[in-house]
Amino acid sequence: MAVITKIEIILLKIPYPHSFRIALAEMDSAQNIIVRVHDNDGLVGVGEGCPPLFVTGESPETAFEAAQLYAKILLGKNPLEIDTRLDELERFMLKNTAIRCAYDLALYDLLAKHAELPLYALLGGTKQVIHSNRTIGMDTPEAMAKTAKLFVNGGAKSLKVKVGTRKDEDVARVRAIREAAGKGIPMRLDANQAWDELSAISTLNAMAEYDVQVCEQLLPYWNIEGFKRLRERSPIPIMADETIFDAHDAFRLASMGAVDYFNIKLAKSAGIHGALKINAIGEAAGIKCMLGGMSESLIGVSAGAHLICACPNIALHDMDSPSHFSEDPTIGGVDFQASGTVTLRDAPGHGADVKPEWIENSTKIVISG
Ligand SMILES: [Mg+2]
């Protein structure tokens with residue numbers, strides 16, 4: 001029987017050359033937790049958690065601490081019994097979804113390595129090339145239009161646009177980007193909870209002529225009834241992000257008919273296990289999903305890409321976080337191009353790991369029995 005013998009926990013600090021602004025925050029670096037789960041067969045499963053304080057309530061410091069508590073629950077147990085292991089983690093300490101995601105990804109990576117299969121094949125999927133949208137952070141309409149043109153000229157197949165200040169500013173952003181990008185490029189908006197119901201409906205009506213594919217999380221995370229009311233009147237389809245973490249949220253939203261799309265993020269769903277459940281509920285309800293991200297390196301992005309290959313209902317792909325880094329701290333995994341094109345490789349598991357020099361130079365701790 002496979003047994004977990006040792007867990008390394010690493011806090012990576014990855015600087016951004018340019019800060020990135022959304023309605024909730026301005027970010028100048030990613031601080032991600034990597035877990036490397038070793039077993040008695042000499043295999044290592046690697047997972048990543050991106051703790052976003054303003055979405056899951058986890059900081060890099062609390063996640064680093066929580067990772068150590070969870071490690072003690074896992075040590076000495078069979079890593080291949082994924083459902084049971086993840087259930088034990090949740091029962092021991094609720095929430096903390098980003099750091100539980102790190103363990104979920106590591107356990108799936110380990111299982112696929114035992115099976116000597118790439119993760120997408122283990123999950124029953126078919127290898128494909130994925131086109132992530134490129135994301136434009138909030139700025140002046142002129143600066144955002146310039147970035148849009150750069151992305152489209154660089155081969156981007158779709159754009160995601162951060163909005164969420166005043167109506168006139170947001171409409172000016174969308175107008176300028178549509179003019180710069182030209183017709184035919186799908187444009188997705190994300191207001192990151194910035195609007196109330198009245199301003200949302202008025203802003204969406206003013207944006208309708210610019211061919212917006214979907215608008216994400218217009219309202220505060222708690223306002224599910226507001227989403228339902230908005231959906232009945234909106235000229236633009238609506239997506240839930242910060243409102244949906246797990247299968248229970250997905251079931252509630254689907255039952256109410258409150259949104260057109262779910263945005264699954266591994267940091268919210270606590271990894272692949274929870275993401276599969278959300279996607280199944282979406283599929284049963286006729287709701288397409290997006291796979292979104294926080295500030296993942298190519299470890300989290302690789303795991304997400306393998307998941308997409310196994311879930312045709314995850315139709316929209318927003319996984320361009322590595323484009324913010326001047327250097328990715330990982331080796332292996334998927335190939336990510338600046339155009340947003342993601343190509344899978346056939347190594348066992350998700351195939352990504354941390355570069356030894358990044359392990360060497362980062363805050364880390366080893367938990368063993
Ligand atoms: Mg979002």
# chains A, B, ... in the order shown; residues from 1 in each chain; ligands from 1
call {"tool": "closest_atom_pairs", "arguments": {"of": "chain A", "to": "ligand 1", "cutoff": "6 Å", "atoms": "only C-alpha atoms and all ligand atoms", "output": "Markdown table"}}
result
| residue | atom | partner | partner_atom_place_in_ligand_line | distance |
| --- | --- | --- | --- | --- |
| A:Asp190 | CA | ligand 1 | 1 (Mg) | 5.5 |
| A:Asn192 | CA | ligand 1 | 1 (Mg) | 5.7 |
| A:Glu216 | CA | ligand 1 | 1 (Mg) | 5.9 |
| A:Asp241 | CA | ligand 1 | 1 (Mg) | 5.2 |
call {"tool": "write_last_selection", "arguments": {"atoms": "C-alpha atoms", "output": "compact mmCIF listing (two decimals), in the first residue's frame"}}
result
# COMPACT_ATOMS: atom_id res chain seq x y z
CA ASP A 190 -15.34 40.98 -14.93
CA ASN A 192 -15.34 41.71 -9.35
CA GLU A 216 -18.70 38.09 -14.50
CA ASP A 241 -17.35 33.80 -9.73
call {"tool": "select_by_dssp", "arguments": {"residues": "segment 248-339 of chain A", "states": "alpha helix (DSSP H)", "output": "ChimeraX atom specification"}}
result
/A:248-256,266-269,272-285,298-309
call {"tool": "write_last_selection", "arguments": {"atoms": "N, CA and C atoms", "output": "CSV table (one decimal), in the first residue's frame"}}
result
chain,number,residue,atom,x,y,z
A,248,HIS,N,-22.4,22.9,-3.6
A,248,HIS,CA,-23.6,23.4,-2.9
A,248,HIS,C,-24.0,24.7,-3.5
A,249,ASP,N,-23.0,25.6,-3.7
A,249,ASP,CA,-23.3,26.9,-4.4
A,249,ASP,C,-23.8,26.7,-5.8
A,250,ALA,N,-23.2,25.7,-6.5
A,250,ALA,CA,-23.6,25.5,-7.9
A,250,ALA,C,-25.0,25.0,-7.9
A,251,PHE,N,-25.4,24.1,-7.0
A,251,PHE,CA,-26.7,23.5,-7.0
A,251,PHE,C,-27.8,24.7,-6.7
A,252,ARG,N,-27.4,25.5,-5.8
A,252,ARG,CA,-28.3,26.6,-5.4
A,252,ARG,C,-28.5,27.6,-6.6
A,253,LEU,N,-27.4,28.0,-7.2
A,253,LEU,CA,-27.5,28.9,-8.4
A,253,LEU,C,-28.3,28.3,-9.5
A,254,ALA,N,-28.0,27.0,-9.8
A,254,ALA,CA,-28.7,26.3,-10.9
A,254,ALA,C,-30.2,26.2,-10.6
A,255,SER,N,-30.5,25.8,-9.4
A,255,SER,CA,-31.9,25.6,-9.0
A,255,SER,C,-32.7,26.9,-9.2
A,256,MET,N,-32.0,28.0,-8.8
A,256,MET,CA,-32.7,29.4,-8.9
A,256,MET,C,-32.7,29.9,-10.3
A,266,LEU,N,-9.9,26.5,-9.1
A,266,LEU,CA,-9.4,25.5,-8.2
A,266,LEU,C,-9.1,26.0,-6.8
A,267,ALA,N,-8.8,27.3,-6.7
A,267,ALA,CA,-8.5,27.8,-5.4
A,267,ALA,C,-9.8,28.0,-4.6
A,268,LYS,N,-11.0,28.0,-5.2
A,268,LYS,CA,-12.2,28.1,-4.6
A,268,LYS,C,-12.9,26.7,-4.3
A,269,SER,N,-12.7,25.9,-5.3
A,269,SER,CA,-13.4,24.5,-5.3
A,269,SER,C,-12.5,23.5,-4.5
A,272,ILE,N,-9.4,19.8,-7.9
A,272,ILE,CA,-10.1,19.1,-9.0
A,272,ILE,C,-11.3,18.3,-8.5
A,273,HIS,N,-11.3,17.7,-7.4
A,273,HIS,CA,-12.4,16.9,-6.9
A,273,HIS,C,-13.7,17.7,-6.8
A,274,GLY,N,-13.5,18.9,-6.2
A,274,GLY,CA,-14.7,19.8,-6.1
A,274,GLY,C,-15.1,20.4,-7.5
A,275,ALA,N,-14.1,20.7,-8.3
A,275,ALA,CA,-14.3,21.3,-9.6
A,275,ALA,C,-15.2,20.3,-10.5
A,276,LEU,N,-14.9,19.0,-10.4
A,276,LEU,CA,-15.6,18.0,-11.2
A,276,LEU,C,-17.1,18.0,-10.8
A,277,LYS,N,-17.3,18.2,-9.5
A,277,LYS,CA,-18.7,18.2,-9.0
A,277,LYS,C,-19.5,19.4,-9.5
A,278,ILE,N,-18.8,20.6,-9.4
A,278,ILE,CA,-19.5,21.8,-9.9
A,278,ILE,C,-19.8,21.7,-11.4
A,279,ASN,N,-18.8,21.2,-12.1
A,279,ASN,CA,-19.0,21.0,-13.6
A,279,ASN,C,-20.1,20.1,-13.9
A,280,ALA,N,-20.3,19.0,-13.1
A,280,ALA,CA,-21.3,18.0,-13.3
A,280,ALA,C,-22.7,18.7,-13.1
A,281,ILE,N,-22.8,19.5,-12.1
A,281,ILE,CA,-24.1,20.2,-11.8
A,281,ILE,C,-24.4,21.2,-12.9
A,282,GLY,N,-23.3,21.9,-13.4
A,282,GLY,CA,-23.5,22.8,-14.5
A,282,GLY,C,-24.0,22.1,-15.7
A,283,GLU,N,-23.3,21.0,-16.0
A,283,GLU,CA,-23.7,20.2,-17.2
A,283,GLU,C,-25.1,19.7,-17.1
A,284,ALA,N,-25.5,19.2,-16.0
A,284,ALA,CA,-26.9,18.7,-15.8
A,284,ALA,C,-27.9,19.8,-16.0
A,285,ALA,N,-27.5,21.0,-15.6
A,285,ALA,CA,-28.5,22.2,-15.6
A,285,ALA,C,-28.3,23.0,-17.0
A,298,LEU,N,2.8,27.7,-13.5
A,298,LEU,CA,2.5,26.6,-14.5
A,298,LEU,C,2.1,25.3,-13.8
A,299,ILE,N,2.3,25.2,-12.5
A,299,ILE,CA,1.8,24.0,-11.8
A,299,ILE,C,0.3,24.0,-11.7
A,300,GLY,N,-0.3,25.1,-11.2
A,300,GLY,CA,-1.8,25.2,-11.1
A,300,GLY,C,-2.4,25.2,-12.5
A,301,VAL,N,-1.7,25.9,-13.4
A,301,VAL,CA,-2.3,26.1,-14.8
A,301,VAL,C,-2.2,24.7,-15.5
A,302,SER,N,-1.2,23.9,-15.2
A,302,SER,CA,-1.1,22.6,-15.9
A,302,SER,C,-2.2,21.7,-15.4
A,303,ALA,N,-2.4,21.7,-14.0
A,303,ALA,CA,-3.5,20.9,-13.5
A,303,ALA,C,-4.8,21.3,-14.1
A,304,GLY,N,-5.0,22.6,-14.2
A,304,GLY,CA,-6.3,23.1,-14.8
A,304,GLY,C,-6.5,22.7,-16.2
A,305,ALA,N,-5.4,22.7,-17.0
A,305,ALA,CA,-5.4,22.3,-18.4
A,305,ALA,C,-5.8,20.9,-18.6
A,306,HIS,N,-5.2,20.0,-17.7
A,306,HIS,CA,-5.6,18.6,-17.8
A,306,HIS,C,-7.1,18.4,-17.4
A,307,LEU,N,-7.6,19.2,-16.4
A,307,LEU,CA,-9.0,19.1,-16.1
A,307,LEU,C,-9.9,19.5,-17.2
A,308,ILE,N,-9.5,20.6,-17.9
A,308,ILE,CA,-10.3,21.0,-19.1
A,308,ILE,C,-10.5,19.9,-20.1
A,309,CYS,N,-9.4,19.2,-20.3
A,309,CYS,CA,-9.4,18.1,-21.4
A,309,CYS,C,-10.4,17.0,-21.0
call {"tool": "atom_distance", "arguments": {"atom1": "atom CA of Phe20 of chain A", "atom2": "atom CA of Ile264 of chain A"}}
result
21.1 Å
call {"tool": "residues_around", "arguments": {"residues": "segment 330-340 of chain A", "least_positions_apart": "6", "cutoff": "6 Å", "atoms": "only C-alpha atoms", "output": "list of chain:residue names"}}
result
A:His131, A:Ser132, A:Gly154, A:Gly155, A:Ala156, A:Ser302, A:His350, A:Gly351, A:Ala352, A:Asp353, A:Val354, A:Lys355
call {"tool": "select_by_dssp", "arguments": {"residues": "segment 24-151 of chain A", "states": "strand (DSSP E)", "output": "ChimeraX atom specification"}}
result
/A:26-39,44-49,130-131,134-136
call {"tool": "write_last_selection", "arguments": {"atoms": "C-alpha atoms", "output": "compact mmCIF listing (two decimals), in the first residue's frame"}}
result
# COMPACT_ATOMS: atom_id res chain seq x y z
CA GLU A 26 -3.97 45.89 -6.93
CA MET A 27 -1.34 43.13 -7.06
CA ASP A 28 2.41 43.36 -7.54
CA SER A 29 3.39 39.75 -6.85
CA ALA A 30 2.02 36.26 -6.41
CA GLN A 31 2.60 34.39 -3.14
CA ASN A 32 1.71 30.77 -3.76
CA ILE A 33 2.09 27.70 -1.58
CA ILE A 34 3.51 24.56 -3.16
CA VAL A 35 3.14 21.18 -1.50
CA ARG A 36 5.26 18.21 -2.56
CA VAL A 37 3.75 14.99 -1.20
CA HIS A 38 6.23 12.05 -1.08
CA ASP A 39 5.22 8.42 -0.74
CA VAL A 44 6.18 12.88 -5.48
CA GLY A 45 2.84 14.61 -6.12
CA VAL A 46 3.05 18.37 -6.60
CA GLY A 47 0.26 20.85 -5.93
CA GLU A 48 -0.17 24.61 -5.79
CA GLY A 49 -2.50 26.84 -3.82
CA ILE A 130 -6.44 25.18 -25.16
CA HIS A 131 -6.79 28.88 -25.94
CA ARG A 134 -5.70 37.23 -22.21
CA THR A 135 -6.73 39.46 -19.32
CA ILE A 136 -6.57 43.25 -19.35
call {"tool": "closest_residue", "arguments": {"among": "A:Val161, A:Ile99, A:Leu94, A:Ile82", "to": "Leu11 of chain A", "atoms": "only C-alpha atoms"}}
result
A:Ile99
call {"tool": "atom_distance", "arguments": {"atom1": "atom CA of Ala67 of chain A", "atom2": "atom CA of Phe54 of chain A"}}
result
19.1 Å
call {"tool": "atom_distance", "arguments": {"atom1": "atom CA of Met294 of chain A", "atom2": "atom CA of Trp358 of chain A"}}
result
20.1 Å
